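protein.txt (compact mmCIF, N, CA, C and O atoms) appears below.
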```
# COMPACT_ATOMS: atom_id res chain seq x y z
N MET T 1 -31.83 -29.53 54.31
CA MET T 1 -31.30 -28.30 53.73
C MET T 1 -32.47 -27.45 53.22
O MET T 1 -33.37 -27.96 52.57
N ILE T 2 -32.44 -26.18 53.53
CA ILE T 2 -33.51 -25.30 53.06
C ILE T 2 -33.20 -24.84 51.63
O ILE T 2 -32.05 -24.87 51.19
N THR T 3 -34.24 -24.41 50.93
CA THR T 3 -34.07 -24.00 49.53
C THR T 3 -34.36 -22.51 49.36
O THR T 3 -35.07 -21.91 50.17
N THR T 4 -33.85 -21.97 48.28
CA THR T 4 -34.11 -20.58 47.94
C THR T 4 -35.60 -20.33 47.77
O THR T 4 -36.12 -19.31 48.22
N ASP T 5 -36.29 -21.28 47.14
CA ASP T 5 -37.73 -21.12 46.93
C ASP T 5 -38.49 -21.02 48.25
O ASP T 5 -39.42 -20.22 48.37
N GLN T 6 -38.10 -21.82 49.24
CA GLN T 6 -38.75 -21.76 50.54
C GLN T 6 -38.56 -20.38 51.18
O GLN T 6 -39.50 -19.79 51.71
N VAL T 7 -37.33 -19.89 51.14
CA VAL T 7 -37.02 -18.59 51.76
C VAL T 7 -37.73 -17.47 51.01
O VAL T 7 -38.33 -16.58 51.62
N GLU T 8 -37.67 -17.50 49.69
CA GLU T 8 -38.32 -16.45 48.90
C GLU T 8 -39.83 -16.42 49.14
O GLU T 8 -40.44 -15.35 49.14
N ALA T 9 -40.43 -17.59 49.35
CA ALA T 9 -41.87 -17.64 49.63
C ALA T 9 -42.19 -16.89 50.92
O ALA T 9 -43.17 -16.14 50.99
N VAL T 10 -41.36 -17.08 51.93
CA VAL T 10 -41.57 -16.38 53.21
C VAL T 10 -41.30 -14.89 53.04
O VAL T 10 -42.09 -14.05 53.49
N LEU T 11 -40.22 -14.54 52.37
CA LEU T 11 -39.89 -13.12 52.18
C LEU T 11 -40.98 -12.41 51.38
O LEU T 11 -41.28 -11.25 51.65
N SER T 12 -41.59 -13.11 50.43
CA SER T 12 -42.65 -12.47 49.65
C SER T 12 -43.87 -12.16 50.51
O SER T 12 -44.63 -11.24 50.21
N ARG T 13 -44.05 -12.91 51.60
CA ARG T 13 -45.17 -12.63 52.51
C ARG T 13 -44.87 -11.46 53.45
O ARG T 13 -45.78 -10.72 53.83
N VAL T 14 -43.61 -11.30 53.87
CA VAL T 14 -43.28 -10.22 54.81
C VAL T 14 -42.85 -8.94 54.10
O VAL T 14 -42.91 -7.85 54.68
N ARG T 15 -42.41 -9.06 52.85
CA ARG T 15 -41.90 -7.90 52.10
C ARG T 15 -42.90 -6.73 52.03
O ARG T 15 -42.49 -5.57 52.21
N PRO T 16 -44.20 -6.96 51.78
CA PRO T 16 -45.12 -5.82 51.72
C PRO T 16 -45.15 -4.98 52.99
O PRO T 16 -45.30 -3.76 52.93
N PHE T 17 -44.98 -5.60 54.14
CA PHE T 17 -44.97 -4.86 55.41
C PHE T 17 -43.72 -3.99 55.52
O PHE T 17 -43.76 -2.87 56.01
N ILE T 18 -42.61 -4.53 55.07
CA ILE T 18 -41.35 -3.78 55.09
C ILE T 18 -41.40 -2.65 54.07
O ILE T 18 -40.99 -1.52 54.36
N GLN T 19 -41.95 -2.93 52.90
CA GLN T 19 -42.07 -1.91 51.86
C GLN T 19 -43.02 -0.79 52.27
O GLN T 19 -42.84 0.36 51.87
N ALA T 20 -44.01 -1.11 53.07
CA ALA T 20 -44.95 -0.08 53.54
C ALA T 20 -44.25 0.98 54.38
O ALA T 20 -44.71 2.11 54.46
N ASP T 21 -43.10 0.61 54.98
CA ASP T 21 -42.31 1.55 55.77
C ASP T 21 -41.17 2.16 54.96
O ASP T 21 -40.28 2.80 55.53
N GLY T 22 -41.17 1.92 53.65
CA GLY T 22 -40.15 2.52 52.79
C GLY T 22 -38.87 1.72 52.65
O GLY T 22 -37.86 2.23 52.20
N GLY T 23 -38.90 0.46 53.04
CA GLY T 23 -37.71 -0.37 52.96
C GLY T 23 -37.94 -1.59 52.08
O GLY T 23 -38.97 -1.71 51.42
N ASP T 24 -36.98 -2.47 52.08
CA ASP T 24 -37.10 -3.73 51.35
C ASP T 24 -36.11 -4.73 51.93
O ASP T 24 -35.21 -4.36 52.68
N ILE T 25 -36.30 -5.98 51.60
CA ILE T 25 -35.41 -7.05 52.05
C ILE T 25 -35.15 -7.97 50.87
O ILE T 25 -36.05 -8.25 50.08
N GLN T 26 -33.89 -8.37 50.74
CA GLN T 26 -33.50 -9.26 49.65
C GLN T 26 -32.67 -10.40 50.20
O GLN T 26 -31.82 -10.21 51.08
N LEU T 27 -32.89 -11.57 49.64
CA LEU T 27 -32.07 -12.72 49.95
C LEU T 27 -30.74 -12.56 49.24
O LEU T 27 -30.70 -12.34 48.04
N VAL T 28 -29.65 -12.63 49.98
CA VAL T 28 -28.31 -12.54 49.40
C VAL T 28 -27.80 -13.94 49.07
O VAL T 28 -27.36 -14.20 47.96
N ARG T 29 -27.87 -14.83 50.06
CA ARG T 29 -27.46 -16.21 49.80
C ARG T 29 -27.89 -17.11 50.95
O ARG T 29 -28.21 -16.65 52.05
N LEU T 30 -27.87 -18.40 50.66
CA LEU T 30 -28.08 -19.42 51.67
C LEU T 30 -26.73 -20.00 52.04
O LEU T 30 -25.88 -20.20 51.17
N ASP T 31 -26.55 -20.27 53.31
CA ASP T 31 -25.32 -20.89 53.80
C ASP T 31 -25.75 -22.05 54.69
O ASP T 31 -25.94 -21.88 55.90
N GLY T 32 -25.95 -23.21 54.09
CA GLY T 32 -26.52 -24.34 54.82
C GLY T 32 -27.96 -24.02 55.17
O GLY T 32 -28.76 -23.74 54.30
N ASN T 33 -28.26 -24.01 56.46
CA ASN T 33 -29.61 -23.65 56.90
C ASN T 33 -29.69 -22.22 57.41
O ASN T 33 -30.66 -21.83 58.05
N ALA T 34 -28.64 -21.45 57.13
CA ALA T 34 -28.61 -20.02 57.49
C ALA T 34 -28.98 -19.19 56.25
O ALA T 34 -28.68 -19.57 55.13
N VAL T 35 -29.60 -18.06 56.51
CA VAL T 35 -30.04 -17.16 55.46
C VAL T 35 -29.33 -15.82 55.63
O VAL T 35 -29.31 -15.27 56.73
N GLU T 36 -28.75 -15.32 54.57
CA GLU T 36 -28.15 -13.99 54.58
C GLU T 36 -29.04 -13.06 53.77
O GLU T 36 -29.38 -13.37 52.62
N VAL T 37 -29.43 -11.96 54.39
CA VAL T 37 -30.32 -11.00 53.75
C VAL T 37 -29.72 -9.60 53.82
O VAL T 37 -28.85 -9.32 54.64
N GLN T 38 -30.22 -8.75 52.97
CA GLN T 38 -29.81 -7.34 52.97
C GLN T 38 -31.06 -6.49 53.05
O GLN T 38 -32.03 -6.73 52.33
N MET T 39 -31.04 -5.53 53.95
CA MET T 39 -32.13 -4.57 54.08
C MET T 39 -31.74 -3.34 53.28
O MET T 39 -30.57 -2.95 53.26
N SER T 40 -32.71 -2.73 52.63
CA SER T 40 -32.43 -1.53 51.83
C SER T 40 -33.52 -0.49 52.06
O SER T 40 -34.49 -0.73 52.77
N GLY T 41 -33.33 0.65 51.44
CA GLY T 41 -34.27 1.75 51.62
C GLY T 41 -34.19 2.30 53.03
O GLY T 41 -33.13 2.33 53.64
N ARG T 42 -35.32 2.70 53.56
CA ARG T 42 -35.35 3.26 54.91
C ARG T 42 -34.91 2.27 55.97
O ARG T 42 -34.41 2.65 57.03
N CYS T 43 -35.06 0.99 55.69
CA CYS T 43 -34.69 -0.05 56.67
C CYS T 43 -33.17 -0.19 56.82
O CYS T 43 -32.71 -0.69 57.84
N ALA T 44 -32.43 0.24 55.83
CA ALA T 44 -30.98 0.06 55.86
C ALA T 44 -30.34 0.80 57.04
O ALA T 44 -29.40 0.31 57.63
N GLY T 45 -30.84 1.95 57.40
CA GLY T 45 -30.23 2.71 58.49
C GLY T 45 -31.13 2.88 59.70
O GLY T 45 -30.79 3.58 60.63
N CYS T 46 -32.25 2.21 59.69
CA CYS T 46 -33.23 2.38 60.76
C CYS T 46 -32.83 1.58 62.00
O CYS T 46 -32.50 0.40 61.91
N PRO T 47 -32.87 2.22 63.17
CA PRO T 47 -32.54 1.49 64.40
C PRO T 47 -33.51 0.35 64.69
O PRO T 47 -33.15 -0.61 65.36
N SER T 48 -34.72 0.42 64.16
CA SER T 48 -35.70 -0.63 64.40
C SER T 48 -35.56 -1.80 63.42
O SER T 48 -36.27 -2.80 63.55
N ALA T 49 -34.67 -1.70 62.46
CA ALA T 49 -34.52 -2.74 61.44
C ALA T 49 -34.12 -4.08 62.07
O ALA T 49 -34.59 -5.13 61.63
N HIS T 50 -33.28 -4.06 63.09
CA HIS T 50 -32.89 -5.31 63.73
C HIS T 50 -34.09 -5.98 64.40
O HIS T 50 -34.23 -7.20 64.36
N MET T 51 -34.95 -5.19 64.98
CA MET T 51 -36.16 -5.73 65.60
C MET T 51 -37.05 -6.35 64.53
O MET T 51 -37.55 -7.47 64.70
N THR T 52 -37.22 -5.65 63.43
CA THR T 52 -38.01 -6.18 62.32
C THR T 52 -37.40 -7.48 61.81
O THR T 52 -38.11 -8.46 61.58
N LEU T 53 -36.10 -7.47 61.65
CA LEU T 53 -35.41 -8.63 61.11
C LEU T 53 -35.54 -9.85 62.03
O LEU T 53 -35.93 -10.93 61.58
N TYR T 54 -35.25 -9.67 63.29
CA TYR T 54 -35.20 -10.82 64.19
C TYR T 54 -36.56 -11.19 64.78
O TYR T 54 -36.85 -12.37 64.96
N MET T 55 -37.40 -10.22 65.06
CA MET T 55 -38.70 -10.53 65.65
C MET T 55 -39.76 -10.79 64.58
O MET T 55 -40.76 -11.45 64.86
N GLY T 56 -39.56 -10.27 63.39
CA GLY T 56 -40.54 -10.46 62.33
C GLY T 56 -40.13 -11.49 61.31
O GLY T 56 -40.72 -12.56 61.20
N VAL T 57 -39.08 -11.19 60.57
CA VAL T 57 -38.65 -12.05 59.47
C VAL T 57 -38.15 -13.40 60.00
O VAL T 57 -38.54 -14.45 59.49
N GLU T 58 -37.31 -13.37 61.02
CA GLU T 58 -36.78 -14.63 61.55
C GLU T 58 -37.90 -15.52 62.07
O GLU T 58 -37.91 -16.73 61.82
N GLN T 59 -38.84 -14.97 62.77
CA GLN T 59 -39.94 -15.77 63.30
C GLN T 59 -40.80 -16.35 62.18
O GLN T 59 -41.25 -17.50 62.26
N ALA T 60 -41.01 -15.58 61.11
CA ALA T 60 -41.77 -16.08 59.96
C ALA T 60 -41.03 -17.25 59.31
O ALA T 60 -41.65 -18.25 58.92
N LEU T 61 -39.71 -17.13 59.19
CA LEU T 61 -38.91 -18.22 58.62
C LEU T 61 -38.97 -19.46 59.51
O LEU T 61 -39.11 -20.58 59.01
N ARG T 62 -38.89 -19.28 60.81
CA ARG T 62 -38.94 -20.42 61.74
C ARG T 62 -40.28 -21.15 61.67
O ARG T 62 -40.35 -22.38 61.74
N ARG T 63 -41.36 -20.39 61.54
CA ARG T 63 -42.69 -21.01 61.46
C ARG T 63 -42.86 -21.78 60.16
O ARG T 63 -43.46 -22.85 60.15
N ALA T 64 -42.35 -21.24 59.07
CA ALA T 64 -42.57 -21.84 57.76
C ALA T 64 -41.58 -22.94 57.41
O ALA T 64 -41.91 -23.86 56.64
N ILE T 65 -40.36 -22.85 57.94
CA ILE T 65 -39.28 -23.78 57.58
C ILE T 65 -38.67 -24.32 58.87
O ILE T 65 -37.77 -23.71 59.44
N PRO T 66 -39.14 -25.49 59.31
CA PRO T 66 -38.66 -26.03 60.59
C PRO T 66 -37.14 -26.21 60.67
O PRO T 66 -36.56 -26.05 61.74
N GLU T 67 -36.49 -26.51 59.57
CA GLU T 67 -35.05 -26.74 59.60
C GLU T 67 -34.22 -25.45 59.48
O GLU T 67 -32.99 -25.50 59.49
N PHE T 68 -34.88 -24.31 59.41
CA PHE T 68 -34.19 -23.02 59.34
C PHE T 68 -33.27 -22.86 60.55
O PHE T 68 -33.65 -23.18 61.68
N GLY T 69 -32.05 -22.35 60.30
CA GLY T 69 -31.07 -22.19 61.38
C GLY T 69 -30.98 -20.79 61.93
O GLY T 69 -31.34 -20.52 63.07
N GLU T 70 -30.49 -19.84 61.12
CA GLU T 70 -30.32 -18.47 61.59
C GLU T 70 -30.41 -17.50 60.42
O GLU T 70 -30.27 -17.88 59.27
N ILE T 71 -30.63 -16.25 60.77
CA ILE T 71 -30.65 -15.18 59.78
C ILE T 71 -29.48 -14.25 60.05
O ILE T 71 -29.17 -13.98 61.21
N ARG T 72 -28.84 -13.81 58.99
CA ARG T 72 -27.71 -12.87 59.13
C ARG T 72 -27.96 -11.67 58.24
O ARG T 72 -28.34 -11.81 57.09
N LEU T 73 -27.70 -10.52 58.78
CA LEU T 73 -27.80 -9.27 58.02
C LEU T 73 -26.44 -8.95 57.42
O LEU T 73 -25.44 -8.92 58.14
N VAL T 74 -26.40 -8.75 56.11
CA VAL T 74 -25.13 -8.42 55.44
C VAL T 74 -25.22 -7.06 54.78
O VAL T 74 -26.27 -6.52 54.59
```

Produce structure tokens that represent the structure in this file.
Amino acid sequence: MITTDQVEAVLSRVRPFIQADGGDIQLVRLDGNAVEVQMSGRCAGCPSAHMTLYMGVEQALRRAIPEFGEIRLV
């Protein structure tokens, strides 16, 4: 089972890149090995946000937390 601390550690590493584009990402909750996050700021309505989420954040989570399952945008 993954922990909030593990996820927050990864998000703290990717957050500056997201914030540089005027957005932010927050952990909403853990659901087993799935992570629910919310994008805000410019990322909330940006068509590229899904690319950032799945190609950037998800990959960072997979590298850092082997038991990570999936990421969901809420």

**Prompt:** stretch 61-71 of chain T: which residues within 8 Å, counting all atoms listed in the file, same-chain residues fewer than 4 positions away excluded, as a PyMOL selection string?
**Reply:** chain T and resi 1-2+6-7+10-11+29+31-37+53-54+56-57

**Asked** In Å, with one decimal, what is the gap from atom CA of T:Gly22 to atom N of T:Thr3?
**Response**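 Atom-to-atom, atom CA of T:Gly22 and atom N of T:Thr3 are spaced 27.6 Å apart.
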
**Asked** For T:Ala60, which residue among T:Ile25, T:Val74, T:Cys43, T:Val14 is the nearest when counting all atoms listed in the file?
**Response**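 With all atoms listed in the file as the atom set, the closest residue is T:Val14.
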
**Message:** I'd like the interatomic distance between atom N of T:Gln38 and atom O of T:Asp24, to a tenth of an Å.
**Reply:**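 Interatomic distance, atom N of T:Gln38 to atom O of T:Asp24: 6.7 Å.
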
10 Å contact set for T:Asp21, only C-alpha atoms, chain neighbours under 3 positions out, as a PDB file with N, CA, C and O atoms, in the coordinates of the input:
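Saved to selection.pdb:
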```
ATOM      1  N   PRO T  16     -44.200  -6.960  51.780  1.00  0.00           N
ATOM      2  CA  PRO T  16     -45.120  -5.820  51.720  1.00  0.00           C
ATOM      3  C   PRO T  16     -45.150  -4.980  52.990  1.00  0.00           C
ATOM      4  O   PRO T  16     -45.300  -3.760  52.930  1.00  0.00           O
ATOM      5  N   PHE T  17     -44.980  -5.600  54.140  1.00  0.00           N
ATOM      6  CA  PHE T  17     -44.970  -4.860  55.410  1.00  0.00           C
ATOM      7  C   PHE T  17     -43.720  -3.990  55.520  1.00  0.00           C
ATOM      8  O   PHE T  17     -43.760  -2.870  56.010  1.00  0.00           O
ATOM      9  N   ILE T  18     -42.610  -4.530  55.070  1.00  0.00           N
ATOM     10  CA  ILE T  18     -41.350  -3.780  55.090  1.00  0.00           C
ATOM     11  C   ILE T  18     -41.400  -2.650  54.070  1.00  0.00           C
ATOM     12  O   ILE T  18     -40.990  -1.520  54.360  1.00  0.00           O
ATOM     13  N   ASP T  24     -36.980  -2.470  52.080  1.00  0.00           N
ATOM     14  CA  ASP T  24     -37.100  -3.730  51.350  1.00  0.00           C
ATOM     15  C   ASP T  24     -36.110  -4.730  51.930  1.00  0.00           C
ATOM     16  O   ASP T  24     -35.210  -4.360  52.680  1.00  0.00           O
ATOM     17  N   GLY T  41     -33.330   0.650  51.440  1.00  0.00           N
ATOM     18  CA  GLY T  41     -34.270   1.750  51.620  1.00  0.00           C
ATOM     19  C   GLY T  41     -34.190   2.300  53.030  1.00  0.00           C
ATOM     20  O   GLY T  41     -33.130   2.330  53.640  1.00  0.00           O
ATOM     21  N   ARG T  42     -35.320   2.700  53.560  1.00  0.00           N
ATOM     22  CA  ARG T  42     -35.350   3.260  54.910  1.00  0.00           C
ATOM     23  C   ARG T  42     -34.910   2.270  55.970  1.00  0.00           C
ATOM     24  O   ARG T  42     -34.410   2.650  57.030  1.00  0.00           O
ATOM     25  N   CYS T  43     -35.060   0.990  55.690  1.00  0.00           N
ATOM     26  CA  CYS T  43     -34.690  -0.050  56.670  1.00  0.00           C
ATOM     27  C   CYS T  43     -33.170  -0.190  56.820  1.00  0.00           C
ATOM     28  O   CYS T  43     -32.710  -0.690  57.840  1.00  0.00           O
TER      29      CYS T  43
END
```

**Message:** Measuring between only C-alpha atoms, which one of T:Thr4, T:Gln26, T:Ala9, T:Thr52 shows the shortest distance to T:Ser40?
**Reply:** T:Gln26

Starting from 4 Å padding per side, set up an axis-aligned box that covers all listed atoms of stretch 12-23 of chain T and hand over centre and edge lengths in Å, one decimal, as AutoDock Vina command-line options.
```
--center_x -41.7 --center_y -5.2 --center_z 52.8 --size_x 16.1 --size_y 23.9 --size_z 14.4
```

**Request:** Have a look at atom N of T:Ser12 and atom O of T:Ala44 and let me know their distance in Å, one decimal.
**Result:**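 Spanning atom N of T:Ser12 to atom O of T:Ala44 is a straight-line distance of 19.5 Å.
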
If you run DSSP on this backbone, which residues of chain T come out as helix (DSSP H, G or I), and could you give them as an mmCIF file with N, CA, C and O atoms, in the coordinates of the input?
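Contents of the output file result.cif:
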```cif
data_model
loop_
_atom_site.group_PDB
_atom_site.id
_atom_site.type_symbol
_atom_site.label_atom_id
_atom_site.label_comp_id
_atom_site.auth_asym_id
_atom_site.auth_seq_id
_atom_site.Cartn_x
_atom_site.Cartn_y
_atom_site.Cartn_z
ATOM 1 N N THR T 4 -33.850 -21.970 48.280
ATOM 2 C CA THR T 4 -34.110 -20.580 47.940
ATOM 3 C C THR T 4 -35.600 -20.330 47.770
ATOM 4 O O THR T 4 -36.120 -19.310 48.220
ATOM 5 N N ASP T 5 -36.290 -21.280 47.140
ATOM 6 C CA ASP T 5 -37.730 -21.120 46.930
ATOM 7 C C ASP T 5 -38.490 -21.020 48.250
ATOM 8 O O ASP T 5 -39.420 -20.220 48.370
ATOM 9 N N GLN T 6 -38.100 -21.820 49.240
ATOM 10 C CA GLN T 6 -38.750 -21.760 50.540
ATOM 11 C C GLN T 6 -38.560 -20.380 51.180
ATOM 12 O O GLN T 6 -39.500 -19.790 51.710
ATOM 13 N N VAL T 7 -37.330 -19.890 51.140
ATOM 14 C CA VAL T 7 -37.020 -18.590 51.760
ATOM 15 C C VAL T 7 -37.730 -17.470 51.010
ATOM 16 O O VAL T 7 -38.330 -16.580 51.620
ATOM 17 N N GLU T 8 -37.670 -17.500 49.690
ATOM 18 C CA GLU T 8 -38.320 -16.450 48.900
ATOM 19 C C GLU T 8 -39.830 -16.420 49.140
ATOM 20 O O GLU T 8 -40.440 -15.350 49.140
ATOM 21 N N ALA T 9 -40.430 -17.590 49.350
ATOM 22 C CA ALA T 9 -41.870 -17.640 49.630
ATOM 23 C C ALA T 9 -42.190 -16.890 50.920
ATOM 24 O O ALA T 9 -43.170 -16.140 50.990
ATOM 25 N N VAL T 10 -41.360 -17.080 51.930
ATOM 26 C CA VAL T 10 -41.570 -16.380 53.210
ATOM 27 C C VAL T 10 -41.300 -14.890 53.040
ATOM 28 O O VAL T 10 -42.090 -14.050 53.490
ATOM 29 N N LEU T 11 -40.220 -14.540 52.370
ATOM 30 C CA LEU T 11 -39.890 -13.120 52.180
ATOM 31 C C LEU T 11 -40.980 -12.410 51.380
ATOM 32 O O LEU T 11 -41.280 -11.250 51.650
ATOM 33 N N SER T 12 -41.590 -13.110 50.430
ATOM 34 C CA SER T 12 -42.650 -12.470 49.650
ATOM 35 C C SER T 12 -43.870 -12.160 50.510
ATOM 36 O O SER T 12 -44.630 -11.240 50.210
ATOM 37 N N ARG T 13 -44.050 -12.910 51.600
ATOM 38 C CA ARG T 13 -45.170 -12.630 52.510
ATOM 39 C C ARG T 13 -44.870 -11.460 53.450
ATOM 40 O O ARG T 13 -45.780 -10.720 53.830
ATOM 41 N N VAL T 14 -43.610 -11.300 53.870
ATOM 42 C CA VAL T 14 -43.280 -10.220 54.810
ATOM 43 C C VAL T 14 -42.850 -8.940 54.100
ATOM 44 O O VAL T 14 -42.910 -7.850 54.680
ATOM 45 N N ARG T 15 -42.410 -9.060 52.850
ATOM 46 C CA ARG T 15 -41.900 -7.900 52.100
ATOM 47 C C ARG T 15 -42.900 -6.730 52.030
ATOM 48 O O ARG T 15 -42.490 -5.570 52.210
ATOM 49 N N PRO T 16 -44.200 -6.960 51.780
ATOM 50 C CA PRO T 16 -45.120 -5.820 51.720
ATOM 51 C C PRO T 16 -45.150 -4.980 52.990
ATOM 52 O O PRO T 16 -45.300 -3.760 52.930
ATOM 53 N N PHE T 17 -44.980 -5.600 54.140
ATOM 54 C CA PHE T 17 -44.970 -4.860 55.410
ATOM 55 C C PHE T 17 -43.720 -3.990 55.520
ATOM 56 O O PHE T 17 -43.760 -2.870 56.010
ATOM 57 N N ILE T 18 -42.610 -4.530 55.070
ATOM 58 C CA ILE T 18 -41.350 -3.780 55.090
ATOM 59 C C ILE T 18 -41.400 -2.650 54.070
ATOM 60 O O ILE T 18 -40.990 -1.520 54.360
ATOM 61 N N GLN T 19 -41.950 -2.930 52.900
ATOM 62 C CA GLN T 19 -42.070 -1.910 51.860
ATOM 63 C C GLN T 19 -43.020 -0.790 52.270
ATOM 64 O O GLN T 19 -42.840 0.360 51.870
ATOM 65 N N ALA T 20 -44.010 -1.110 53.070
ATOM 66 C CA ALA T 20 -44.950 -0.080 53.540
ATOM 67 C C ALA T 20 -44.250 0.980 54.380
ATOM 68 O O ALA T 20 -44.710 2.110 54.460
ATOM 69 N N ARG T 42 -35.320 2.700 53.560
ATOM 70 C CA ARG T 42 -35.350 3.260 54.910
ATOM 71 C C ARG T 42 -34.910 2.270 55.970
ATOM 72 O O ARG T 42 -34.410 2.650 57.030
ATOM 73 N N CYS T 43 -35.060 0.990 55.690
ATOM 74 C CA CYS T 43 -34.690 -0.050 56.670
ATOM 75 C C CYS T 43 -33.170 -0.190 56.820
ATOM 76 O O CYS T 43 -32.710 -0.690 57.840
ATOM 77 N N ALA T 44 -32.430 0.240 55.830
ATOM 78 C CA ALA T 44 -30.980 0.060 55.860
ATOM 79 C C ALA T 44 -30.340 0.800 57.040
ATOM 80 O O ALA T 44 -29.400 0.310 57.630
ATOM 81 N N ALA T 49 -34.670 -1.700 62.460
ATOM 82 C CA ALA T 49 -34.520 -2.740 61.440
ATOM 83 C C ALA T 49 -34.120 -4.080 62.070
ATOM 84 O O ALA T 49 -34.590 -5.130 61.630
ATOM 85 N N HIS T 50 -33.280 -4.060 63.090
ATOM 86 C CA HIS T 50 -32.890 -5.310 63.730
ATOM 87 C C HIS T 50 -34.090 -5.980 64.400
ATOM 88 O O HIS T 50 -34.230 -7.200 64.360
ATOM 89 N N MET T 51 -34.950 -5.190 64.980
ATOM 90 C CA MET T 51 -36.160 -5.730 65.600
ATOM 91 C C MET T 51 -37.050 -6.350 64.530
ATOM 92 O O MET T 51 -37.550 -7.470 64.700
ATOM 93 N N THR T 52 -37.220 -5.650 63.430
ATOM 94 C CA THR T 52 -38.010 -6.180 62.320
ATOM 95 C C THR T 52 -37.400 -7.480 61.810
ATOM 96 O O THR T 52 -38.110 -8.460 61.580
ATOM 97 N N LEU T 53 -36.100 -7.470 61.650
ATOM 98 C CA LEU T 53 -35.410 -8.630 61.110
ATOM 99 C C LEU T 53 -35.540 -9.850 62.030
ATOM 100 O O LEU T 53 -35.930 -10.930 61.580
ATOM 101 N N TYR T 54 -35.250 -9.670 63.290
ATOM 102 C CA TYR T 54 -35.200 -10.820 64.190
ATOM 103 C C TYR T 54 -36.560 -11.190 64.780
ATOM 104 O O TYR T 54 -36.850 -12.370 64.960
ATOM 105 N N MET T 55 -37.400 -10.220 65.060
ATOM 106 C CA MET T 55 -38.700 -10.530 65.650
ATOM 107 C C MET T 55 -39.760 -10.790 64.580
ATOM 108 O O MET T 55 -40.760 -11.450 64.860
ATOM 109 N N GLY T 56 -39.560 -10.270 63.390
ATOM 110 C CA GLY T 56 -40.540 -10.460 62.330
ATOM 111 C C GLY T 56 -40.130 -11.490 61.310
ATOM 112 O O GLY T 56 -40.720 -12.560 61.200
ATOM 113 N N VAL T 57 -39.080 -11.190 60.570
ATOM 114 C CA VAL T 57 -38.650 -12.050 59.470
ATOM 115 C C VAL T 57 -38.150 -13.400 60.000
ATOM 116 O O VAL T 57 -38.540 -14.450 59.490
ATOM 117 N N GLU T 58 -37.310 -13.370 61.020
ATOM 118 C CA GLU T 58 -36.780 -14.630 61.550
ATOM 119 C C GLU T 58 -37.900 -15.520 62.070
ATOM 120 O O GLU T 58 -37.910 -16.730 61.820
ATOM 121 N N GLN T 59 -38.840 -14.970 62.770
ATOM 122 C CA GLN T 59 -39.940 -15.770 63.300
ATOM 123 C C GLN T 59 -40.800 -16.350 62.180
ATOM 124 O O GLN T 59 -41.250 -17.500 62.260
ATOM 125 N N ALA T 60 -41.010 -15.580 61.110
ATOM 126 C CA ALA T 60 -41.770 -16.080 59.960
ATOM 127 C C ALA T 60 -41.030 -17.250 59.310
ATOM 128 O O ALA T 60 -41.650 -18.250 58.920
ATOM 129 N N LEU T 61 -39.710 -17.130 59.190
ATOM 130 C CA LEU T 61 -38.910 -18.220 58.620
ATOM 131 C C LEU T 61 -38.970 -19.460 59.510
ATOM 132 O O LEU T 61 -39.110 -20.580 59.010
ATOM 133 N N ARG T 62 -38.890 -19.280 60.810
ATOM 134 C CA ARG T 62 -38.940 -20.420 61.740
ATOM 135 C C ARG T 62 -40.280 -21.150 61.670
ATOM 136 O O ARG T 62 -40.350 -22.380 61.740
ATOM 137 N N ARG T 63 -41.360 -20.390 61.540
ATOM 138 C CA ARG T 63 -42.690 -21.010 61.460
ATOM 139 C C ARG T 63 -42.860 -21.780 60.160
ATOM 140 O O ARG T 63 -43.460 -22.850 60.150
ATOM 141 N N ALA T 64 -42.350 -21.240 59.070
ATOM 142 C CA ALA T 64 -42.570 -21.840 57.760
ATOM 143 C C ALA T 64 -41.580 -22.940 57.410
ATOM 144 O O ALA T 64 -41.910 -23.860 56.640
#
```

**Request:** Please give the complete set of residues from chain T that DSSP, run on the backbone, assigns to strand (DSSP E or B), formatted as JSON, numbers by chain.
**Result:** {"T": [23, 24, 25, 26, 27, 28, 29, 30, 31, 34, 35, 36, 37, 38, 39, 40, 41, 70, 71, 72, 73]}
